[in-house]
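Asks: Pasting a structure below so you can have a look.
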There are 2 protein chains.
Amino acid sequence: MNSRQPASEQLVIGGDIESESKLRLGELQNHLGYFLRRLQVWVFQDFIATLSSANLRPAQYSVLLVIAANPGQSQSAIGRTLNIERARLARMLHELEAHGWISRRPSGKDARSYALALTAEGKKALAKIVSLAQEHEAHVSEFVGEDRRLKLIELLRQFG
Amino acid sequence: MNSRQPASEQLVIGGDIESESKLRLGELQNHLGYFLRRLQVWVFQDFIATLSSANLRPAQYSVLLVIAANPGQSQSAIGRTLNIERARLARMLHELEAHGWISRRPSGKDARSYALALTAEGKKALAKIVSLAQEHEAHVSEFVGEDRRLKLIELLRQFG
DNA sequence: GAAAGAATGTTGTCATTGACAACAATATTC
DNA sequence: GAATATTGTTGTCAATGACAACATTCTTTC
């Protein structure tokens, strides 16, 4: 897709800040949702670009991390945590399993559900993925400013 | 106040709608994108629900507002401002035109483009829509806290 | 001022996503 | 034990983002 560019031009990825004249936003200025969405799109696009070699989307990344932090849990528990609908999560997990990154063993306690965990291969892959994700987060810090990034996380963390 | 609990033992992060047990987030805690996305989804869902009687999605709302604030502008100018791809915007505008809310008259200056504006009917509809959107924003304020909402807008406004 | 290139708006198509319904198997509740 | 709920699965639909191709109309370059 879009090949890598020098760092100085990378800001154009999602936000496109100063390139051309933008119009007045009117009432939109008063809506938190608009600003949230705007930055979120930029961040996700950078995530996808930075992790393009791993071919991993943000939702998949979040699932891998939550499985890693909570081995043995069921699909429904993962879905509840990340607000992913169970049908969608089922399909996503099938992909991750096909990649050889997660295992789904029958749960001892509930015969309907599986105990999810990373495979050895999954852990190895995740190590590289996390390092790419940290690189992405450094881009975010560069774009937003580290102080502002921390303030935002603190403000946003508090509601689930 | 950020040290409510040890870094590793982070459990229930505030109630979503039904506070079921949620798992640990692991590395995800360090990613601004995750938190941005989480709140943005909540906000957009409330927007859609609150404006369900108008049957208007956030993107359409933003287009109406920017047209209202900049009458006579072209599709490409609107799209540039809101980061909406021109193919997608074209289809959206056809819908809004079919609703009778916007007019597209040939631009005097450039025969390729249209001068967009709200119709009288569109302005009337927008008045009601804006009042619903303010109701939505009040929900956001209630959920997030008005102080935090203002802080967030101020922090987020600066890039875009 | 003609040719080459860029921009505008349009339509077609594809992949991803979110939402919801139906289903089989198993748990839970009464 | 019967009714009900939950878990995971598959099917389907609508909305979205992305991209390519196209006709029309500027704009640039020579």
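We name chains A, B, ... following the order of the structure tokens; residues begin at 1 in each chain, and ligands are numbered from 1 as shown.
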Grab the Cα RMSD for chain A fitted onto chain B, all atoms paired in sequence order, one decimal please.
Replies: 8.1 Å
Asks: Once DSSP has gone over the backbone, tell me which residues of range 16-110 of chain A are in strand (DSSP E or B), as a ChimeraX atom specification.
Replies: /A:102-106
Asks: Keeping C-alpha atoms, export the residues of the selection given above as a PDB file, in the first residue's frame.
Replies:
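Listing of part_2.pdb after writing:
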```pdb
ATOM      1  CA  ILE A 102      -3.592 -19.201  20.112  1.00  0.00           C
ATOM      2  CA  SER A 103      -4.844 -22.510  21.432  1.00  0.00           C
ATOM      3  CA  ARG A 104      -8.403 -23.325  22.331  1.00  0.00           C
ATOM      4  CA  ARG A 105      -8.611 -26.250  24.704  1.00  0.00           C
ATOM      5  CA  PRO A 106     -11.837 -27.506  26.194  1.00  0.00           C
TER       6      PRO A 106
END
```
Asks: Would you compute the distance between CA of Arg149 in chain B and CA of Leu32 in chain A? Give it in Å to one decimal.
Replies: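 Straight-line distance from CA of Arg149 in chain B to CA of Leu32 in chain A works out to 7.0 Å.
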Asks: Near chain A, which residues of chain D fall within 9 Å when you count only C-alpha atoms (C1' of nucleotides), and what do they look like as an NGL selection string?
Replies: :D and (6-10)
Asks: May I ask for the distance between CA of Leu96 in chain B and C1' of DC13 in chain D, given in Å to one decimal place?
Replies: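 That distance, rounded to one decimal, is 22.6 Å.
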Asks: Please find the residues of chain C near chain A - the criterion being any atom within 8 Å, counting only C-alpha atoms (C1' of nucleotides) - and write them as an MDAnalysis selection string.
Replies: chainID C and resid 25:27
Asks: Using only C-alpha atoms, find which residues of chain A lie within 6 Å of chain B and jot them down as a list of chain:residue names.
Replies: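 Result: A:Gly15, A:Ile17, A:Lys22, A:Leu23, A:Leu25, A:Gly26, A:Leu32, A:Gly33, A:Phe35, A:Leu36, A:Gln40, A:Val43, A:Val66, A:Ala69, A:Thr81, A:Ile153, A:Leu156, A:Phe159, A:Gly160.
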Asks: From the DSSP assignment of the backbone, select every residue of range 12-103 of chain A that is helix (DSSP H, G or I), and format the answer as a PDB file with N, CA and C atoms, in the first residue's frame.
Replies:
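Below you can see states.pdb, which holds the result:
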```pdb
ATOM      1  N   VAL A  12       1.069  13.085   7.515  1.00  0.00           N
ATOM      2  CA  VAL A  12      -0.032  13.218   6.568  1.00  0.00           C
ATOM      3  C   VAL A  12      -0.919  11.987   6.574  1.00  0.00           C
ATOM      4  N   GLY A  26     -18.100  25.090  12.433  1.00  0.00           N
ATOM      5  CA  GLY A  26     -19.396  25.454  13.010  1.00  0.00           C
ATOM      6  C   GLY A  26     -19.642  24.744  14.327  1.00  0.00           C
ATOM      7  N   GLU A  27     -20.853  24.302  14.502  1.00  0.00           N
ATOM      8  CA  GLU A  27     -21.275  23.626  15.729  1.00  0.00           C
ATOM      9  C   GLU A  27     -20.388  22.438  16.107  1.00  0.00           C
ATOM     10  N   LEU A  28     -19.780  21.858  15.108  1.00  0.00           N
ATOM     11  CA  LEU A  28     -18.981  20.660  15.325  1.00  0.00           C
ATOM     12  C   LEU A  28     -17.913  20.889  16.387  1.00  0.00           C
ATOM     13  N   GLN A  29     -17.490  22.135  16.505  1.00  0.00           N
ATOM     14  CA  GLN A  29     -16.476  22.502  17.494  1.00  0.00           C
ATOM     15  C   GLN A  29     -16.876  22.155  18.918  1.00  0.00           C
ATOM     16  N   ASN A  30     -18.159  22.021  19.143  1.00  0.00           N
ATOM     17  CA  ASN A  30     -18.619  21.781  20.511  1.00  0.00           C
ATOM     18  C   ASN A  30     -18.804  20.303  20.823  1.00  0.00           C
ATOM     19  N   LEU A  32     -17.440  16.711  21.541  1.00  0.00           N
ATOM     20  CA  LEU A  32     -16.295  15.873  21.894  1.00  0.00           C
ATOM     21  C   LEU A  32     -16.137  14.713  20.927  1.00  0.00           C
ATOM     22  N   GLY A  33     -17.249  14.122  20.521  1.00  0.00           N
ATOM     23  CA  GLY A  33     -17.189  12.957  19.650  1.00  0.00           C
ATOM     24  C   GLY A  33     -16.418  13.217  18.368  1.00  0.00           C
ATOM     25  N   TYR A  34     -16.600  14.385  17.813  1.00  0.00           N
ATOM     26  CA  TYR A  34     -15.885  14.707  16.577  1.00  0.00           C
ATOM     27  C   TYR A  34     -14.386  14.684  16.788  1.00  0.00           C
ATOM     28  N   PHE A  35     -13.922  15.306  17.850  1.00  0.00           N
ATOM     29  CA  PHE A  35     -12.484  15.369  18.100  1.00  0.00           C
ATOM     30  C   PHE A  35     -11.913  14.005  18.483  1.00  0.00           C
ATOM     31  N   LEU A  36     -12.681  13.273  19.270  1.00  0.00           N
ATOM     32  CA  LEU A  36     -12.259  11.921  19.616  1.00  0.00           C
ATOM     33  C   LEU A  36     -12.056  11.091  18.355  1.00  0.00           C
ATOM     34  N   ARG A  37     -13.059  11.138  17.509  1.00  0.00           N
ATOM     35  CA  ARG A  37     -13.019  10.342  16.299  1.00  0.00           C
ATOM     36  C   ARG A  37     -11.840  10.728  15.409  1.00  0.00           C
ATOM     37  N   ARG A  38     -11.620  12.021  15.309  1.00  0.00           N
ATOM     38  CA  ARG A  38     -10.568  12.511  14.434  1.00  0.00           C
ATOM     39  C   ARG A  38      -9.204  11.965  14.843  1.00  0.00           C
ATOM     40  N   LEU A  39      -8.918  12.061  16.129  1.00  0.00           N
ATOM     41  CA  LEU A  39      -7.621  11.565  16.568  1.00  0.00           C
ATOM     42  C   LEU A  39      -7.567  10.039  16.528  1.00  0.00           C
ATOM     43  N   GLN A  40      -8.681   9.430  16.884  1.00  0.00           N
ATOM     44  CA  GLN A  40      -8.692   7.964  16.883  1.00  0.00           C
ATOM     45  C   GLN A  40      -8.392   7.414  15.494  1.00  0.00           C
ATOM     46  N   VAL A  41      -8.943   8.018  14.475  1.00  0.00           N
ATOM     47  CA  VAL A  41      -8.692   7.561  13.111  1.00  0.00           C
ATOM     48  C   VAL A  41      -7.211   7.717  12.777  1.00  0.00           C
ATOM     49  N   TRP A  42      -6.655   8.829  13.152  1.00  0.00           N
ATOM     50  CA  TRP A  42      -5.228   9.023  12.887  1.00  0.00           C
ATOM     51  C   TRP A  42      -4.403   7.939  13.581  1.00  0.00           C
ATOM     52  N   VAL A  43      -4.727   7.708  14.848  1.00  0.00           N
ATOM     53  CA  VAL A  43      -3.957   6.739  15.633  1.00  0.00           C
ATOM     54  C   VAL A  43      -4.086   5.337  15.046  1.00  0.00           C
ATOM     55  N   PHE A  44      -5.292   4.946  14.700  1.00  0.00           N
ATOM     56  CA  PHE A  44      -5.472   3.603  14.160  1.00  0.00           C
ATOM     57  C   PHE A  44      -4.780   3.452  12.808  1.00  0.00           C
ATOM     58  N   GLN A  45      -4.822   4.482  12.005  1.00  0.00           N
ATOM     59  CA  GLN A  45      -4.143   4.373  10.720  1.00  0.00           C
ATOM     60  C   GLN A  45      -2.646   4.237  10.902  1.00  0.00           C
ATOM     61  N   ASP A  46      -2.109   4.963  11.868  1.00  0.00           N
ATOM     62  CA  ASP A  46      -0.683   4.798  12.131  1.00  0.00           C
ATOM     63  C   ASP A  46      -0.389   3.404  12.666  1.00  0.00           C
ATOM     64  N   PHE A  47      -1.268   2.913  13.526  1.00  0.00           N
ATOM     65  CA  PHE A  47      -1.087   1.554  14.045  1.00  0.00           C
ATOM     66  C   PHE A  47      -1.020   0.547  12.901  1.00  0.00           C
ATOM     67  N   ILE A  48      -1.987   0.624  12.011  1.00  0.00           N
ATOM     68  CA  ILE A  48      -2.048  -0.328  10.911  1.00  0.00           C
ATOM     69  C   ILE A  48      -0.815  -0.210  10.021  1.00  0.00           C
ATOM     70  N   ALA A  49      -0.386   1.029   9.772  1.00  0.00           N
ATOM     71  CA  ALA A  49       0.795   1.223   8.924  1.00  0.00           C
ATOM     72  C   ALA A  49       2.047   0.692   9.612  1.00  0.00           C
ATOM     73  N   THR A  50       2.169   0.994  10.897  1.00  0.00           N
ATOM     74  CA  THR A  50       3.386   0.599  11.609  1.00  0.00           C
ATOM     75  C   THR A  50       3.465  -0.911  11.788  1.00  0.00           C
ATOM     76  N   PRO A  58      -5.886  -3.413  14.908  1.00  0.00           N
ATOM     77  CA  PRO A  58      -5.975  -3.078  16.329  1.00  0.00           C
ATOM     78  C   PRO A  58      -6.839  -4.050  17.136  1.00  0.00           C
ATOM     79  N   ALA A  59      -7.951  -4.461  16.597  1.00  0.00           N
ATOM     80  CA  ALA A  59      -8.834  -5.349  17.354  1.00  0.00           C
ATOM     81  C   ALA A  59      -8.146  -6.685  17.639  1.00  0.00           C
ATOM     82  N   GLN A  60      -7.435  -7.196  16.629  1.00  0.00           N
ATOM     83  CA  GLN A  60      -6.724  -8.460  16.845  1.00  0.00           C
ATOM     84  C   GLN A  60      -5.635  -8.288  17.897  1.00  0.00           C
ATOM     85  N   TYR A  61      -4.950  -7.171  17.812  1.00  0.00           N
ATOM     86  CA  TYR A  61      -3.904  -6.889  18.798  1.00  0.00           C
ATOM     87  C   TYR A  61      -4.490  -6.872  20.204  1.00  0.00           C
ATOM     88  N   SER A  62      -5.612  -6.201  20.363  1.00  0.00           N
ATOM     89  CA  SER A  62      -6.196  -6.119  21.700  1.00  0.00           C
ATOM     90  C   SER A  62      -6.599  -7.499  22.208  1.00  0.00           C
ATOM     91  N   VAL A  63      -7.082  -8.336  21.323  1.00  0.00           N
ATOM     92  CA  VAL A  63      -7.473  -9.686  21.738  1.00  0.00           C
ATOM     93  C   VAL A  63      -6.245 -10.477  22.180  1.00  0.00           C
ATOM     94  N   LEU A  64      -5.183 -10.388  21.408  1.00  0.00           N
ATOM     95  CA  LEU A  64      -3.958 -11.107  21.788  1.00  0.00           C
ATOM     96  C   LEU A  64      -3.469 -10.652  23.161  1.00  0.00           C
ATOM     97  N   LEU A  65      -3.485  -9.359  23.402  1.00  0.00           N
ATOM     98  CA  LEU A  65      -2.981  -8.857  24.680  1.00  0.00           C
ATOM     99  C   LEU A  65      -3.834  -9.320  25.838  1.00  0.00           C
ATOM    100  N   VAL A  66      -5.139  -9.318  25.654  1.00  0.00           N
ATOM    101  CA  VAL A  66      -6.009  -9.702  26.764  1.00  0.00           C
ATOM    102  C   VAL A  66      -5.907 -11.209  27.027  1.00  0.00           C
ATOM    103  N   ILE A  67      -5.747 -11.981  25.972  1.00  0.00           N
ATOM    104  CA  ILE A  67      -5.515 -13.415  26.187  1.00  0.00           C
ATOM    105  C   ILE A  67      -4.190 -13.623  26.915  1.00  0.00           C
ATOM    106  N   ALA A  68      -3.170 -12.898  26.488  1.00  0.00           N
ATOM    107  CA  ALA A  68      -1.853 -13.042  27.117  1.00  0.00           C
ATOM    108  C   ALA A  68      -1.921 -12.699  28.602  1.00  0.00           C
ATOM    109  N   ALA A  69      -2.714 -11.678  28.933  1.00  0.00           N
ATOM    110  CA  ALA A  69      -2.773 -11.231  30.325  1.00  0.00           C
ATOM    111  C   ALA A  69      -3.739 -12.072  31.158  1.00  0.00           C
ATOM    112  N   GLN A  75     -14.036 -17.331  25.598  1.00  0.00           N
ATOM    113  CA  GLN A  75     -14.309 -16.323  24.579  1.00  0.00           C
ATOM    114  C   GLN A  75     -15.252 -15.254  25.104  1.00  0.00           C
ATOM    115  N   SER A  76     -16.247 -15.702  25.858  1.00  0.00           N
ATOM    116  CA  SER A  76     -17.226 -14.706  26.306  1.00  0.00           C
ATOM    117  C   SER A  76     -16.588 -13.703  27.258  1.00  0.00           C
ATOM    118  N   ALA A  77     -15.623 -14.175  28.064  1.00  0.00           N
ATOM    119  CA  ALA A  77     -14.952 -13.247  28.980  1.00  0.00           C
ATOM    120  C   ALA A  77     -14.112 -12.239  28.214  1.00  0.00           C
ATOM    121  N   ILE A  78     -13.437 -12.704  27.178  1.00  0.00           N
ATOM    122  CA  ILE A  78     -12.644 -11.789  26.351  1.00  0.00           C
ATOM    123  C   ILE A  78     -13.549 -10.765  25.684  1.00  0.00           C
ATOM    124  N   GLY A  79     -14.630 -11.273  25.115  1.00  0.00           N
ATOM    125  CA  GLY A  79     -15.537 -10.385  24.412  1.00  0.00           C
ATOM    126  C   GLY A  79     -16.147  -9.338  25.328  1.00  0.00           C
ATOM    127  N   ARG A  80     -16.479  -9.768  26.528  1.00  0.00           N
ATOM    128  CA  ARG A  80     -17.060  -8.837  27.493  1.00  0.00           C
ATOM    129  C   ARG A  80     -16.054  -7.737  27.849  1.00  0.00           C
ATOM    130  N   THR A  81     -14.816  -8.128  28.015  1.00  0.00           N
ATOM    131  CA  THR A  81     -13.777  -7.167  28.389  1.00  0.00           C
ATOM    132  C   THR A  81     -13.537  -6.129  27.305  1.00  0.00           C
ATOM    133  N   LEU A  82     -13.532  -6.589  26.066  1.00  0.00           N
ATOM    134  CA  LEU A  82     -13.164  -5.689  24.974  1.00  0.00           C
ATOM    135  C   LEU A  82     -14.361  -5.183  24.199  1.00  0.00           C
ATOM    136  N   ARG A  86     -19.890 -11.632  20.303  1.00  0.00           N
ATOM    137  CA  ARG A  86     -19.338 -12.976  20.329  1.00  0.00           C
ATOM    138  C   ARG A  86     -19.218 -13.608  18.950  1.00  0.00           C
ATOM    139  N   ALA A  87     -20.131 -13.272  18.059  1.00  0.00           N
ATOM    140  CA  ALA A  87     -20.017 -13.815  16.707  1.00  0.00           C
ATOM    141  C   ALA A  87     -18.732 -13.320  16.034  1.00  0.00           C
ATOM    142  N   ARG A  88     -18.514 -12.048  16.206  1.00  0.00           N
ATOM    143  CA  ARG A  88     -17.319 -11.462  15.579  1.00  0.00           C
ATOM    144  C   ARG A  88     -16.044 -12.023  16.207  1.00  0.00           C
ATOM    145  N   LEU A  89     -16.065 -12.165  17.526  1.00  0.00           N
ATOM    146  CA  LEU A  89     -14.874 -12.679  18.199  1.00  0.00           C
ATOM    147  C   LEU A  89     -14.592 -14.124  17.797  1.00  0.00           C
ATOM    148  N   ALA A  90     -15.638 -14.907  17.649  1.00  0.00           N
ATOM    149  CA  ALA A  90     -15.448 -16.303  17.255  1.00  0.00           C
ATOM    150  C   ALA A  90     -14.670 -16.376  15.946  1.00  0.00           C
ATOM    151  N   ARG A  91     -15.086 -15.583  14.981  1.00  0.00           N
ATOM    152  CA  ARG A  91     -14.400 -15.613  13.680  1.00  0.00           C
ATOM    153  C   ARG A  91     -12.964 -15.115  13.790  1.00  0.00           C
ATOM    154  N   MET A  92     -12.783 -14.091  14.601  1.00  0.00           N
ATOM    155  CA  MET A  92     -11.435 -13.565  14.763  1.00  0.00           C
ATOM    156  C   MET A  92     -10.522 -14.616  15.401  1.00  0.00           C
ATOM    157  N   LEU A  93     -11.030 -15.328  16.383  1.00  0.00           N
ATOM    158  CA  LEU A  93     -10.215 -16.326  17.055  1.00  0.00           C
ATOM    159  C   LEU A  93      -9.876 -17.491  16.127  1.00  0.00           C
ATOM    160  N   HIS A  94     -10.795 -17.804  15.233  1.00  0.00           N
ATOM    161  CA  HIS A  94     -10.482 -18.858  14.270  1.00  0.00           C
ATOM    162  C   HIS A  94      -9.288 -18.464  13.405  1.00  0.00           C
ATOM    163  N   GLU A  95      -9.258 -17.186  13.048  1.00  0.00           N
ATOM    164  CA  GLU A  95      -8.109 -16.710  12.282  1.00  0.00           C
ATOM    165  C   GLU A  95      -6.814 -16.828  13.087  1.00  0.00           C
ATOM    166  N   LEU A  96      -6.873 -16.360  14.323  1.00  0.00           N
ATOM    167  CA  LEU A  96      -5.670 -16.389  15.158  1.00  0.00           C
ATOM    168  C   LEU A  96      -5.220 -17.823  15.415  1.00  0.00           C
ATOM    169  N   GLU A  97      -6.178 -18.707  15.525  1.00  0.00           N
ATOM    170  CA  GLU A  97      -5.839 -20.117  15.707  1.00  0.00           C
ATOM    171  C   GLU A  97      -5.194 -20.678  14.435  1.00  0.00           C
ATOM    172  N   ALA A  98      -5.741 -20.284  13.303  1.00  0.00           N
ATOM    173  CA  ALA A  98      -5.179 -20.750  12.028  1.00  0.00           C
ATOM    174  C   ALA A  98      -3.746 -20.242  11.857  1.00  0.00           C
TER     175      ALA A  98
END
```
Asks: Near DT27 in chain D, within 10 Å and counting only C-alpha atoms (C1' of nucleotides), which residues show up once chain neighbours fewer than 6 positions away are dropped, as a list in words?
Replies: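 The contact residues come out as DG5, DA6 and DA7 of chain C.
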Asks: Neighbours of DT4 in chain D within 10 Å (only C-alpha atoms (C1' of nucleotides); same-chain residues fewer than 6 positions away dropped), as a PDB file with N, CA and C atoms (P, O5', C5', C4', C3', O3' and C1' of nucleotides), in the first residue's frame?
Replies:
```
ATOM      1  P    DT C  28     -23.301 -24.086  35.640  1.00  0.00           P
ATOM      2  O5'  DT C  28     -24.787 -23.530  35.785  1.00  0.00           O
ATOM      3  C5'  DT C  28     -25.129 -22.331  35.106  1.00  0.00           C
ATOM      4  C4'  DT C  28     -26.574 -21.965  35.416  1.00  0.00           C
ATOM      5  C3'  DT C  28     -26.972 -22.070  36.895  1.00  0.00           C
ATOM      6  O3'  DT C  28     -27.578 -20.840  37.243  1.00  0.00           O
ATOM      7  C1'  DT C  28     -28.544 -23.190  35.528  1.00  0.00           C
ATOM      8  P    DT C  29     -27.965 -20.551  38.760  1.00  0.00           P
ATOM      9  O5'  DT C  29     -29.560 -20.638  38.641  1.00  0.00           O
ATOM     10  C5'  DT C  29     -30.212 -19.999  37.553  1.00  0.00           C
ATOM     11  C4'  DT C  29     -31.702 -20.314  37.590  1.00  0.00           C
ATOM     12  C3'  DT C  29     -32.298 -20.388  38.994  1.00  0.00           C
ATOM     13  O3'  DT C  29     -33.497 -19.633  39.011  1.00  0.00           O
ATOM     14  C1'  DT C  29     -32.819 -22.360  37.775  1.00  0.00           C
ATOM     15  P    DC C  30     -34.113 -19.245  40.430  1.00  0.00           P
ATOM     16  O5'  DC C  30     -35.513 -20.008  40.416  1.00  0.00           O
ATOM     17  C5'  DC C  30     -36.289 -20.027  39.210  1.00  0.00           C
ATOM     18  C4'  DC C  30     -37.273 -21.193  39.267  1.00  0.00           C
ATOM     19  C3'  DC C  30     -37.761 -21.541  40.669  1.00  0.00           C
ATOM     20  O3'  DC C  30     -39.077 -21.018  40.855  1.00  0.00           O
ATOM     21  C1'  DC C  30     -37.189 -23.500  39.419  1.00  0.00           C
TER      22       DC C  30
END
```
Asks: Find the residues around range 19-21 of chain D up to 10 Å (only C-alpha atoms (C1' of nucleotides) counted), leave out those fewer than 2 positions away in its own chain, and share them as a list in words.
Replies: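 The filter keeps Ala87 of chain B; DT11, DG12, DT13 and DC14 of chain C; DG17 of chain D.
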Asks: Give me the residues near Gly72 in chain A as a count of residues only, where near means some atom within 6 Å (using only C-alpha atoms (C1' of nucleotides)) and where sequence neighbours in that chain fewer than 4 positions away do not count.
Replies: 3
Asks: What gap, in Å, lies between CA of Ser52 in chain B and CA of Leu132 in chain B?
Replies: 9.5 Å
